[in-house]
>>> print(open('upload.txt').read())   # compact mmCIF, C-alpha atoms
# COMPACT_ATOMS: atom_id res chain seq x y z
CA MET H 1 -5.70 30.35 -15.32
CA ALA H 2 -5.70 31.34 -11.67
CA ALA H 3 -6.15 27.70 -10.77
CA ALA H 4 -3.05 26.81 -12.75
CA ARG H 5 -1.10 29.46 -10.89
CA LEU H 6 -2.36 28.15 -7.58
CA LEU H 7 -1.35 24.64 -8.58
CA GLN H 8 2.06 26.06 -9.30
CA ALA H 9 2.19 27.40 -5.74
CA VAL H 10 1.36 23.99 -4.31
CA VAL H 11 3.74 22.05 -6.50
CA PRO H 12 6.59 24.33 -7.70
CA ARG H 13 7.74 21.58 -10.02
CA PHE H 14 4.88 22.41 -12.35
CA SER H 15 6.11 25.87 -13.20
CA CYS H 16 5.76 24.87 -16.86
CA LEU H 17 2.01 25.09 -16.31
CA GLY H 18 2.44 28.82 -15.82
CA SER H 19 3.46 29.25 -19.44
CA LEU H 20 0.51 27.12 -20.53
CA GLY H 21 -1.87 29.10 -18.37
CA LYS H 22 -1.09 32.38 -20.10
CA ALA H 23 -2.66 31.16 -23.38
CA ALA H 24 -6.12 32.59 -24.00
CA PRO H 25 -9.02 30.11 -23.88
CA SER H 26 -9.67 30.51 -27.61
CA THR H 27 -6.16 29.45 -28.64
CA SER H 28 -6.29 26.43 -26.32
CA GLN H 29 -8.79 24.77 -28.61
CA LEU H 30 -6.27 24.86 -31.42
CA SER H 31 -3.28 23.34 -29.63
CA SER H 32 -4.14 19.78 -28.65
CA ARG H 33 -1.41 19.69 -26.01
CA LEU H 34 -3.25 22.10 -23.69
CA TYR H 35 -6.63 20.57 -24.33
CA GLY H 36 -6.70 17.91 -21.68
CA THR H 37 -5.55 20.04 -18.75
CA LEU H 38 -7.06 23.49 -19.17
CA LEU H 39 -10.72 23.18 -20.02
CA ALA H 40 -12.32 22.29 -16.69
CA PRO H 41 -11.00 25.00 -14.30
CA GLU H 42 -12.28 27.82 -16.55
CA ALA H 43 -15.89 26.67 -16.18
CA ASN H 44 -15.70 26.58 -12.38
CA GLN H 45 -14.73 30.21 -11.93
CA GLN H 46 -17.61 31.54 -13.97
CA VAL H 47 -20.13 29.81 -11.68
CA GLU H 48 -18.84 30.71 -8.18
CA PRO H 49 -18.18 34.25 -7.01
CA ASN H 50 -14.45 34.93 -7.12
CA VAL H 51 -14.06 35.93 -3.49
CA ILE H 52 -15.46 32.77 -1.94
CA ASN H 53 -13.61 30.57 -4.40
CA ASP H 54 -10.30 32.18 -3.56
CA ARG H 55 -10.84 31.87 0.18
CA ILE H 56 -11.86 28.22 -0.05
CA ILE H 57 -8.87 27.35 -2.20
CA THR H 58 -6.19 29.37 -0.44
CA GLU H 59 -7.16 28.54 3.13
CA PRO H 60 -5.76 24.93 3.12
CA LEU H 61 -2.51 26.17 1.58
CA ARG H 62 -1.67 28.15 4.71
CA HIS H 63 -1.22 25.02 6.86
CA PRO H 64 1.47 22.36 6.29
CA ASP H 65 -0.93 19.54 7.24
CA PHE H 66 -4.39 21.00 6.82
CA PHE H 67 -6.12 17.62 6.65
CA ASN H 68 -4.14 16.09 9.52
CA VAL H 69 -3.10 13.04 7.52
CA LYS H 70 -0.41 12.22 10.08
CA GLU H 71 -2.95 10.67 12.42
CA LEU H 72 -4.21 8.18 9.83
CA PHE H 73 -1.28 5.84 10.26
CA SER H 74 1.54 5.09 12.66
CA LEU H 75 4.89 3.34 12.48
CA LYS H 76 3.40 0.35 14.27
CA ASP H 77 0.58 0.05 11.72
CA LEU H 78 3.06 0.05 8.87
CA PHE H 79 5.25 -2.50 10.61
CA ASP H 80 2.39 -4.87 11.38
CA ALA H 81 1.22 -4.68 7.80
CA ARG H 82 4.70 -5.87 6.67
CA VAL H 83 5.33 -2.69 4.68
CA HIS H 84 9.05 -2.89 5.45
CA LEU H 85 9.62 -6.23 3.71
CA GLY H 86 11.27 -6.00 0.33
CA HIS H 87 12.29 -8.46 -2.33
CA LYS H 88 15.53 -10.37 -2.43
CA LYS H 89 18.84 -8.63 -3.00
CA GLY H 90 19.07 -9.81 -6.59
CA CYS H 91 15.77 -8.10 -7.51
CA ARG H 92 16.82 -4.73 -6.17
CA HIS H 93 16.55 -1.69 -8.42
CA ARG H 94 19.53 0.62 -8.18
CA PHE H 95 17.44 3.73 -7.59
CA MET H 96 15.74 2.21 -4.56
CA GLU H 97 18.98 2.00 -2.63
CA PRO H 98 18.46 5.29 -0.72
CA TYR H 99 15.15 3.98 0.64
CA ILE H 100 16.49 0.62 1.83
CA PHE H 101 17.35 0.26 5.51
CA GLY H 102 19.50 -2.79 4.95
CA CYS H 103 19.65 -6.32 3.68
CA ARG H 104 19.00 -9.18 6.07
CA LEU H 105 19.85 -12.71 4.87
CA ASP H 106 19.46 -11.55 1.26
CA GLN H 107 16.08 -9.90 1.85
CA ASP H 108 15.91 -6.10 1.56
CA ILE H 109 14.28 -4.18 4.40
CA ILE H 110 12.73 -0.82 3.54
CA ASP H 111 13.39 2.07 5.92
CA LEU H 112 10.05 2.81 7.53
CA ASP H 113 11.16 6.20 8.86
CA GLN H 114 11.54 7.40 5.28
CA THR H 115 8.31 5.67 4.31
CA MET H 116 6.46 7.59 7.01
CA LYS H 117 7.71 10.90 5.63
CA HIS H 118 6.94 10.01 2.03
CA LEU H 119 3.53 8.63 2.90
CA GLN H 120 2.62 11.78 4.74
CA LEU H 121 3.66 13.97 1.81
CA ALA H 122 1.78 11.80 -0.67
CA LEU H 123 -1.39 11.71 1.42
CA ASN H 124 -1.29 15.46 1.96
CA PHE H 125 -1.01 15.99 -1.79
CA THR H 126 -3.84 13.54 -2.51
CA ALA H 127 -6.03 15.28 0.03
CA HIS H 128 -5.41 18.66 -1.57
CA ILE H 129 -6.26 17.28 -5.01
CA ALA H 130 -9.45 15.71 -3.69
CA TYR H 131 -10.32 18.95 -1.87
CA ARG H 132 -10.10 20.86 -5.14
CA LYS H 133 -12.44 18.34 -6.82
CA GLY H 134 -9.70 16.74 -8.86
CA ILE H 135 -10.17 13.40 -10.57
CA ILE H 136 -8.10 10.63 -9.00
CA LEU H 137 -7.37 7.44 -10.91
CA PHE H 138 -6.16 4.35 -9.07
CA VAL H 139 -3.95 2.17 -11.26
CA ASN H 140 -2.88 -1.33 -10.37
CA ARG H 141 -2.01 -4.28 -12.54
CA ASN H 142 -1.47 -6.81 -9.76
CA ARG H 143 -4.23 -9.34 -10.31
CA GLN H 144 -4.32 -10.37 -6.66
CA PHE H 145 -5.52 -6.92 -5.55
CA GLY H 146 -7.40 -5.70 -8.63
CA HIS H 147 -10.82 -6.09 -7.07
CA LEU H 148 -9.76 -4.49 -3.80
CA VAL H 149 -8.47 -1.40 -5.61
CA GLU H 150 -11.66 -1.11 -7.66
CA VAL H 151 -13.80 -1.34 -4.53
CA THR H 152 -11.66 1.28 -2.79
CA ALA H 153 -12.03 3.67 -5.70
CA ARG H 154 -15.76 3.16 -5.84
CA ASP H 155 -16.13 3.72 -2.12
CA CYS H 156 -14.42 7.09 -2.17
CA GLY H 157 -16.12 8.25 -5.35
CA GLU H 158 -13.04 8.13 -7.55
CA TYR H 159 -11.91 5.99 -10.46
CA ALA H 160 -9.78 2.90 -10.97
CA HIS H 161 -8.10 1.20 -13.89
CA THR H 162 -6.91 -2.33 -13.14
CA ARG H 163 -7.06 -3.89 -16.59
CA TYR H 164 -4.83 -3.87 -19.63
CA TRP H 165 -3.66 -0.31 -20.30
CA GLN H 166 -4.13 0.62 -23.94
CA GLY H 167 -1.30 2.63 -25.42
CA GLY H 168 -2.93 5.97 -26.04
CA LEU H 169 -5.22 6.25 -23.04
CA LEU H 170 -3.66 9.48 -21.78
CA THR H 171 -1.49 10.60 -24.67
CA ASN H 172 -4.06 9.99 -27.41
CA ALA H 173 -7.19 10.72 -25.41
CA HIS H 174 -8.75 13.33 -27.66
CA VAL H 175 -8.55 10.95 -30.62
CA GLN H 176 -9.74 7.85 -28.77
CA TYR H 177 -12.49 9.46 -26.70
CA GLY H 178 -13.42 12.53 -28.68
CA THR H 179 -12.83 16.19 -27.97
CA GLY H 180 -13.47 17.82 -24.63
CA ILE H 181 -12.23 14.91 -22.54
CA ARG H 182 -11.02 15.69 -19.02
CA LEU H 183 -7.93 13.74 -17.97
CA PRO H 184 -7.33 12.62 -14.38
CA ASP H 185 -5.60 15.13 -12.12
CA LEU H 186 -3.76 12.50 -10.11
CA LEU H 187 -2.75 8.91 -10.71
CA VAL H 188 -2.31 6.68 -7.66
CA PHE H 189 -0.33 3.50 -8.24
CA ILE H 190 -0.76 0.74 -5.69
CA SER H 191 1.88 -1.16 -7.63
CA THR H 192 4.01 0.56 -10.28
CA LEU H 193 4.90 -2.64 -12.12
CA ASN H 194 2.82 -4.46 -14.67
CA ASN H 195 2.48 -8.20 -15.06
CA VAL H 196 5.85 -8.68 -16.73
CA PHE H 197 7.76 -6.80 -13.99
CA GLU H 198 8.29 -3.73 -16.14
CA PRO H 199 7.31 -0.19 -15.15
CA HIS H 200 3.65 0.46 -15.88
CA VAL H 201 3.15 2.51 -19.06
CA ALA H 202 0.92 4.94 -17.18
CA VAL H 203 3.85 6.20 -15.10
CA ARG H 204 5.63 7.46 -18.21
CA ASP H 205 2.45 8.69 -19.87
CA ALA H 206 1.36 10.67 -16.84
CA ALA H 207 4.76 12.34 -16.75
CA LYS H 208 4.35 13.19 -20.43
CA MET H 209 0.92 14.74 -19.82
CA ASN H 210 2.04 16.67 -16.71
CA ILE H 211 -0.21 14.63 -14.45
CA PRO H 212 1.27 14.12 -10.98
CA THR H 213 1.62 10.55 -9.74
CA VAL H 214 1.64 8.97 -6.31
CA GLY H 215 2.96 5.42 -6.23
CA VAL H 216 3.97 2.65 -3.86
CA VAL H 217 7.43 1.55 -4.97
CA ASP H 218 8.83 -1.78 -3.89
CA THR H 219 12.54 -2.62 -3.97
CA ASN H 220 12.33 -3.78 -7.58
CA CYS H 221 10.59 -0.64 -8.90
CA ASN H 222 11.96 2.52 -10.48
CA PRO H 223 10.96 5.55 -8.39
CA SER H 224 12.51 8.21 -10.64
CA ILE H 225 9.57 9.65 -12.58
CA ILE H 226 6.98 9.22 -9.86
CA THR H 227 6.12 12.56 -8.25
CA TYR H 228 5.43 11.24 -4.75
CA PRO H 229 6.96 7.79 -4.35
CA ILE H 230 6.10 5.79 -1.24
CA PRO H 231 8.77 3.15 -0.61
CA GLY H 232 6.97 0.09 0.69
CA ASN H 233 5.82 -3.45 0.15
CA ASP H 234 3.30 -3.88 -2.63
CA ASP H 235 2.99 -7.66 -2.59
CA SER H 236 1.50 -8.59 0.78
CA PRO H 237 -2.30 -8.45 1.13
CA LEU H 238 -2.07 -6.79 4.53
CA ALA H 239 0.09 -3.96 3.17
CA VAL H 240 -2.17 -3.33 0.18
CA GLU H 241 -5.25 -3.35 2.38
CA LEU H 242 -3.59 -0.77 4.59
CA TYR H 243 -2.77 1.51 1.66
CA CYS H 244 -6.28 1.24 0.27
CA LYS H 245 -7.79 2.01 3.64
CA ILE H 246 -5.53 5.02 4.17
CA PHE H 247 -6.15 6.47 0.71
CA LYS H 248 -9.87 6.01 1.07
CA MET H 249 -9.88 7.76 4.44
CA THR H 250 -7.78 10.65 3.10
CA ILE H 251 -9.96 11.25 0.07
CA THR H 252 -13.23 11.07 1.98
CA ARG H 253 -11.84 13.35 4.65
CA ALA H 254 -10.74 15.92 2.06
CA LYS H 255 -14.10 15.84 0.30
CA ASN H 256 -15.99 16.28 3.55
CA LYS H 257 -13.73 19.16 4.45
CA ARG H 258 -14.52 20.79 1.15
CA LYS H 259 -18.25 20.55 1.79
CA GLN H 260 -17.68 21.96 5.25
CA MET H 261 -15.70 24.93 3.94
CA GLU H 262 -18.26 25.68 1.24
CA VAL H 263 -21.01 25.78 3.82
CA LEU H 264 -18.89 27.87 6.16
CA TYR H 265 -17.91 30.47 3.59
CA GLY H 266 -21.30 30.38 1.94
CA LEU H 267 -22.93 31.26 5.26
CA GLN H 268 -20.35 33.97 5.89
CA ASN H 269 -21.01 35.47 2.50
CA LYS H 270 -24.76 35.47 3.11
CA ALA H 271 -24.21 37.10 6.48
CA ASP H 272 -22.00 39.78 4.87
CA SER H 273 -24.35 40.56 2.03
CA SER H 274 -27.54 40.68 4.13
CA MET I 1 0.83 -42.86 23.62
CA ALA I 2 -0.49 -39.79 21.83
CA THR I 3 0.68 -37.39 24.55
CA LEU I 4 4.11 -39.00 24.52
CA SER I 5 4.56 -38.38 20.80
CA TRP I 6 3.50 -34.76 21.28
CA SER I 7 6.09 -34.07 23.97
CA ARG I 8 8.79 -35.75 21.88
CA ALA I 9 7.89 -33.55 18.94
CA ALA I 10 7.93 -30.49 21.18
CA SER I 11 11.43 -31.10 22.40
CA ARG I 12 12.64 -31.65 18.83
CA SER I 13 11.28 -28.53 17.20
CA ARG I 14 9.64 -25.23 18.05
CA ALA I 15 7.26 -23.45 15.69
CA TRP I 16 7.64 -19.74 14.99
CA GLN I 17 4.55 -17.61 15.14
CA LEU I 18 5.14 -14.89 12.56
CA LEU I 19 1.47 -14.18 12.06
CA GLY I 20 0.94 -12.97 15.61
CA ALA I 21 0.70 -9.17 15.43
CA ALA I 22 -1.69 -8.29 12.62
CA ARG I 23 -3.95 -11.30 12.14
CA ARG I 24 -4.56 -12.15 15.78
CA GLY I 25 -4.86 -8.61 17.01
CA SER I 26 -2.29 -9.08 19.76
CA SER I 27 -0.06 -6.05 20.02
CA SER I 28 3.18 -7.71 21.04
CA GLY I 29 6.14 -5.90 19.59
CA THR I 30 8.60 -8.40 21.03
CA GLY I 31 9.17 -11.80 19.52
CA ASP I 32 7.32 -14.79 20.87
CA SER I 33 9.06 -16.98 23.38
CA PRO I 34 10.41 -19.75 21.22
CA GLY I 35 11.37 -21.92 24.14
CA THR I 36 7.92 -23.41 24.74
CA GLY I 37 7.08 -26.37 22.49
CA VAL I 38 4.58 -25.42 19.81
CA SER I 39 4.47 -21.72 20.52
CA LEU I 40 0.87 -20.57 20.49
CA PRO I 41 0.83 -17.07 21.92
CA GLU I 42 -1.21 -16.74 25.09
CA PRO I 43 -4.16 -14.46 24.36
CA GLU I 44 -3.27 -10.99 25.57
CA LYS I 45 -5.28 -9.82 28.56
CA ARG I 46 -5.37 -6.28 27.19
CA PRO I 47 -8.56 -5.30 25.32
CA SER I 48 -8.14 -5.85 21.61
CA GLY I 49 -9.38 -2.34 20.96
CA LEU I 50 -5.85 -1.11 21.61
CA THR I 51 -4.56 -2.29 18.25
CA GLY I 52 -7.34 -0.51 16.42
CA ALA I 53 -6.74 2.71 18.32
CA GLY I 54 -3.01 2.70 17.57
CA PRO I 55 -2.52 6.28 16.40
CA GLN I 56 -4.61 7.73 19.23
CA GLN I 57 -2.54 6.07 21.99
CA VAL I 58 -0.42 8.18 24.30
CA PRO I 59 2.73 8.58 22.22
CA SER I 60 5.21 9.01 25.05
CA LYS I 61 5.00 5.41 26.24
CA ASN I 62 4.78 3.54 22.95
CA VAL I 63 7.30 5.25 20.69
CA GLU I 64 9.48 2.39 19.64
CA SER I 65 12.00 3.03 16.89
CA PHE I 66 11.79 1.11 13.65
CA ALA I 67 15.20 -0.45 14.27
CA SER I 68 14.19 -1.89 17.62
CA MET I 69 10.84 -3.11 16.28
CA LEU I 70 12.68 -4.83 13.47
CA ARG I 71 15.22 -6.39 15.77
CA CYS I 72 12.58 -7.82 18.09
CA SER I 73 10.28 -9.01 15.30
CA PRO I 74 9.78 -12.78 14.97
CA LEU I 75 10.93 -12.75 11.35
CA VAL I 76 14.36 -11.43 12.27
CA GLN I 77 14.64 -13.46 15.46
CA MET I 78 13.96 -16.57 13.43
CA GLY I 79 17.16 -16.22 11.40
CA PRO I 80 17.68 -18.07 8.13
CA ALA I 81 14.42 -19.49 6.89
CA LYS I 82 15.71 -22.85 5.72
CA GLY I 83 14.35 -25.65 7.87
CA LYS I 84 12.41 -23.51 10.35
CA ILE I 85 9.00 -24.65 11.53
CA VAL I 86 6.33 -21.96 11.38
CA LEU I 87 2.59 -21.73 11.85
CA GLY I 88 0.49 -20.61 8.93
CA GLN I 89 -3.11 -19.96 8.08
CA ILE I 90 -4.87 -20.98 4.89
CA PHE I 91 -6.46 -17.96 3.24
CA HIS I 92 -7.43 -19.31 -0.17
CA ILE I 93 -8.12 -22.70 -1.69
CA VAL I 94 -8.23 -23.68 -5.35
CA GLU I 95 -9.31 -27.35 -5.48
CA ASP I 96 -6.14 -29.12 -4.37
CA ASP I 97 -3.88 -26.09 -3.90
CA LEU I 98 -3.75 -24.46 -0.47
CA TYR I 99 -2.54 -20.85 -0.28
CA ILE I 100 -1.00 -20.44 3.16
CA ASP I 101 0.08 -17.19 4.78
CA PHE I 102 2.72 -17.57 7.49
CA GLY I 103 3.64 -13.95 8.17
CA GLY I 104 6.35 -13.37 5.61
CA LYS I 105 6.20 -11.12 2.58
CA PHE I 106 4.72 -13.85 0.39
CA HIS I 107 2.41 -16.77 0.89
CA CYS I 108 3.26 -20.36 0.01
CA VAL I 109 1.25 -22.80 -2.03
CA CYS I 110 1.06 -26.43 -0.95
CA LYS I 111 -0.77 -29.44 -2.29
CA ARG I 112 -3.58 -30.79 -0.17
CA PRO I 113 -2.24 -33.92 1.60
CA GLU I 114 -4.02 -37.26 1.33
CA VAL I 115 -4.23 -37.63 5.11
CA ASP I 116 -7.16 -35.62 6.53
CA GLY I 117 -7.64 -33.82 3.22
CA GLU I 118 -11.09 -32.43 4.05
CA LYS I 119 -9.93 -30.80 7.28
CA TYR I 120 -7.90 -28.20 5.34
CA GLN I 121 -10.38 -25.38 4.85
CA LYS I 122 -10.12 -21.60 4.68
CA GLY I 123 -8.91 -20.38 8.05
CA SER I 124 -7.30 -23.64 9.21
CA ARG I 125 -4.01 -23.26 10.99
CA VAL I 126 -1.22 -25.48 9.76
CA ARG I 127 2.41 -26.22 10.48
CA LEU I 128 4.98 -25.64 7.77
CA ARG I 129 8.67 -26.23 7.35
CA LEU I 130 10.09 -23.26 5.43
CA VAL I 131 12.47 -23.75 2.57
CA ASP I 132 12.73 -20.21 1.22
CA LEU I 133 11.00 -16.89 1.89
CA GLU I 134 10.92 -15.91 -1.78
CA LEU I 135 11.62 -18.03 -4.84
CA THR I 136 14.01 -16.04 -6.99
CA SER I 137 16.68 -16.97 -9.47
CA ARG I 138 19.01 -15.15 -11.82
CA PHE I 139 18.74 -16.49 -15.34
CA LEU I 140 21.43 -16.27 -17.99
CA GLY I 141 21.56 -12.88 -19.65
CA ALA I 142 19.22 -11.20 -17.18
CA LYS I 143 20.08 -8.02 -15.28
CA THR I 144 17.92 -8.79 -12.25
CA ASP I 145 16.53 -11.89 -10.61
CA THR I 146 13.25 -13.32 -11.75
CA THR I 147 10.88 -13.76 -8.83
CA LEU I 148 7.93 -16.10 -8.54
CA LEU I 149 6.19 -13.95 -5.88
CA GLU I 150 5.82 -17.05 -3.70
CA ALA I 151 7.53 -18.60 -0.74
CA ASP I 152 8.45 -22.26 -0.57
CA ALA I 153 7.45 -24.49 2.32
CA VAL I 154 6.61 -28.09 3.11
CA LEU I 155 3.26 -28.74 4.73
CA LEU I 156 3.70 -30.78 7.90
CA GLY I 157 0.12 -30.99 9.02
CA LEU I 158 -2.70 -29.31 10.82
CA LEU I 159 -2.09 -27.57 14.10
CA GLU I 160 -2.88 -30.25 16.66
CA SER I 161 -5.80 -29.17 18.83
CA ARG I 162 -4.38 -31.37 21.59
CA GLU I 163 -1.55 -28.87 22.05
CA ILE I 164 -4.01 -26.02 22.52
CA ARG I 165 -5.64 -27.89 25.37
CA GLN I 166 -2.24 -28.68 26.91
CA LYS I 167 -1.23 -25.00 26.77
CA GLU I 168 -4.29 -23.95 28.73
>>> encode(input="upload.txt", output="structure tokens")
Amino acid sequence: MAAARLLQAVVPRFSCLGSLGKAAPSTSQLSSRLYGTLLAPEANQQVEPNVINDRIITEPLRHPDFFNVKELFSLKDLFDARVHLGHKKGCRHRFMEPYIFGCRLDQDIIDLDQTMKHLQLALNFTAHIAYRKGIILFVNRNRQFGHLVEVTARDCGEYAHTRYWQGGLLTNAHVQYGTGIRLPDLLVFISTLNNVFEPHVAVRDAAKMNIPTVGVVDTNCNPSIITYPIPGNDDSPLAVELYCKIFKMTITRAKNKRKQMEVLYGLQNKADSS
Amino acid sequence: MATLSWSRAASRSRAWQLLGAARRGSSSGTGDSPGTGVSLPEPEKRPSGLTGAGPQQVPSKNVESFASMLRCSPLVQMGPAKGKIVLGQIFHIVEDDLYIDFGGKFHCVCKRPEVDGEKYQKGSRVRLRLVDLELTSRFLGAKTDTTLLEADAVLLGLLESREIRQKE
């Protein structure tokens, strides 16, 4: 319950979680809606002493960029990886117009200044989720980069889904996989479209299940329901390699930081008690 | 005779090097000089470690705005893509189909030519004449264009090694 409230502090959008969090653990087993999100945090608190847990979790929230994700990329890196190139004018999605710098000879150019800001926000959020031992699922249906995304996920110890998405994977999980299933805490989309140029079903399903999403949106994608959209090219190999590298570095950095903090506060606690 | 045909070709057309920055590791933000015949960029004398250490560089000297980077980029300097000669690199081969990356958003796919067919391997540099940067079309009854996620180009031939020797 405290974890849900802390999540609410990080992302005020999820204030609805506050109402869910007030339900007692016994009633959560009855209502299937709460099942996927609430079970895991309860177990954690019983194991660790409350004081250390609170310090470890609240310390990163005091800094705007605790994991220093700004230094992982620069404007020049994005430019050289062709992140600013968009599709042709005719493919443009109406909701991407705020993120487009302009249109040059019918080709849309994405505004990299905005991309920098959005990328920094998204990476910061991902790092916080990884720091709190959240499950991150990489989703991508672009066949050209499926293997790369799977390798990236494996290398940072997280999960990837680059195959056909069955309808009830998130929304019908407790029927398809049995009771007690833990859903991912973050979905990262390297491309938000599926193979027929329609929005990936997981974007809508994650929004239904209150799972935050981070996604790279190209000029033909719909950025509306994605929590942390990153306007950028999702078709060039160089750009996708850059995203994968940056996400991998962020997640590993956050996990290492967590280990560091646990050691630090564990030692402090031992020093205090002895 | 061979050198004469090369210089005639050079005066007729100049090839754009769009692949320069990322693939080669040269950190030139400005466009390549298009005036010299087949424009192979001179290898930068700076250590190539600079490109890898991008974010750690002293920010005061190298802060270039996105707008100026865009304006000086080879893709924008090139202008309309129709009919332009560019240099590309083959990154994937499926039997007779060559997937060539020339520095744009998409790659192009060309058939292996009969002349010197075996010389086209992964990593070979080739000359292309661009037709379109992205193949899109609006079909009847559709709200948006349908895109093929491919560029269109005509394969002119391998990059002549003779020109490399002439440059140096």
>>> atom_distance(input="upload.txt", atom1="CA of Tyr228 in chain H", atom2="CA of Leu186 in chain H")
10.7 Å
>>> interface_residues(input="upload.txt", of="chain I", to="chain H", cutoff="9 Å", atoms="only C-alpha atoms", output="MDAnalysis selection string")
chainID I and resid 21:22 29 51 54:56 63:67 69:70 76 79:81 103:107 133:138 143:147 149
>>> residues_around(input="upload.txt", residues="Leu128 in chain I", least_positions_apart="6", cutoff="9 Å", atoms="all atoms listed in the file", output="PDB file with C-alpha atoms, keeping the file's coordinate frame")
ATOM      1  CA  ALA I  15       7.260 -23.450  15.690  1.00  0.00           C
ATOM      2  CA  LYS I  84      12.410 -23.510  10.350  1.00  0.00           C
ATOM      3  CA  ILE I  85       9.000 -24.650  11.530  1.00  0.00           C
ATOM      4  CA  VAL I  86       6.330 -21.960  11.380  1.00  0.00           C
ATOM      5  CA  LEU I  87       2.590 -21.730  11.850  1.00  0.00           C
ATOM      6  CA  GLY I  88       0.490 -20.610   8.930  1.00  0.00           C
ATOM      7  CA  PHE I 102       2.720 -17.570   7.490  1.00  0.00           C
ATOM      8  CA  ALA I 153       7.450 -24.490   2.320  1.00  0.00           C
ATOM      9  CA  VAL I 154       6.610 -28.090   3.110  1.00  0.00           C
ATOM     10  CA  LEU I 155       3.260 -28.740   4.730  1.00  0.00           C
ATOM     11  CA  LEU I 156       3.700 -30.780   7.900  1.00  0.00           C
ATOM     12  CA  GLY I 157       0.120 -30.990   9.020  1.00  0.00           C
TER      13      GLY I 157
END
>>> residues_around(input="upload.txt", residues="Gln260 in chain H", least_positions_apart="6", cutoff="12 Å", atoms="only C-alpha atoms", output="list in words")
Ile56, Tyr131, Arg253, Ala254, Gly266 and Leu267 of chain H
>>> residues_near_point(input="upload.txt", point="(-13.9, -0.6, -12.8)", cutoff="12 Å", atoms="only C-alpha atoms", output="list of chain:residue names")
H:Leu137, H:Phe138, H:Val139, H:Asn140, H:Gly146, H:His147, H:Leu148, H:Val149, H:Glu150, H:Val151, H:Thr152, H:Ala153, H:Arg154, H:Asp155, H:Gly157, H:Glu158, H:Tyr159, H:Ala160, H:His161, H:Thr162, H:Arg163, H:Tyr164
>>> closest_residue(input="upload.txt", among="H:Cys244, H:His118, H:Ile129, H:Phe145", to="Arg258 in chain H", atoms="all atoms listed in the file")
H:Ile129
>>> atom_distance(input="upload.txt", atom1="CA of Val94 in chain I", atom2="CA of Asp116 in chain I")
16.9 Å
>>> closest_residue(input="upload.txt", among="H:Ser273, H:Asn142, H:Gln176, H:Gln114", to="Asn195 in chain H", atoms="only C-alpha atoms")
H:Asn142
>>> residues_around(input="upload.txt", residues="Glu118 in chain I", least_positions_apart="5", cutoff="12 Å", atoms="all atoms listed in the file", output="PDB file with C-alpha atoms, in the coordinates of the input")
ATOM      1  CA  ILE I  93      -8.120 -22.700  -1.690  1.00  0.00           C
ATOM      2  CA  GLU I  95      -9.310 -27.350  -5.480  1.00  0.00           C
ATOM      3  CA  ASP I  96      -6.140 -29.120  -4.370  1.00  0.00           C
ATOM      4  CA  LEU I  98      -3.750 -24.460  -0.470  1.00  0.00           C
ATOM      5  CA  ARG I 112      -3.580 -30.790  -0.170  1.00  0.00           C
ATOM      6  CA  PRO I 113      -2.240 -33.920   1.600  1.00  0.00           C
ATOM      7  CA  SER I 124      -7.300 -23.640   9.210  1.00  0.00           C
ATOM      8  CA  LEU I 158      -2.700 -29.310  10.820  1.00  0.00           C
TER       9      LEU I 158
END
>>> atom_distance(input="upload.txt", atom1="CA of Asn172 in chain H", atom2="CA of Leu123 in chain H")
29.0 Å
>>> closest_residue(input="upload.txt", among="H:Val69, H:Val263, H:Ile230, H:Leu242", to="Ser191 in chain H", atoms="all atoms listed in the file")
H:Ile230
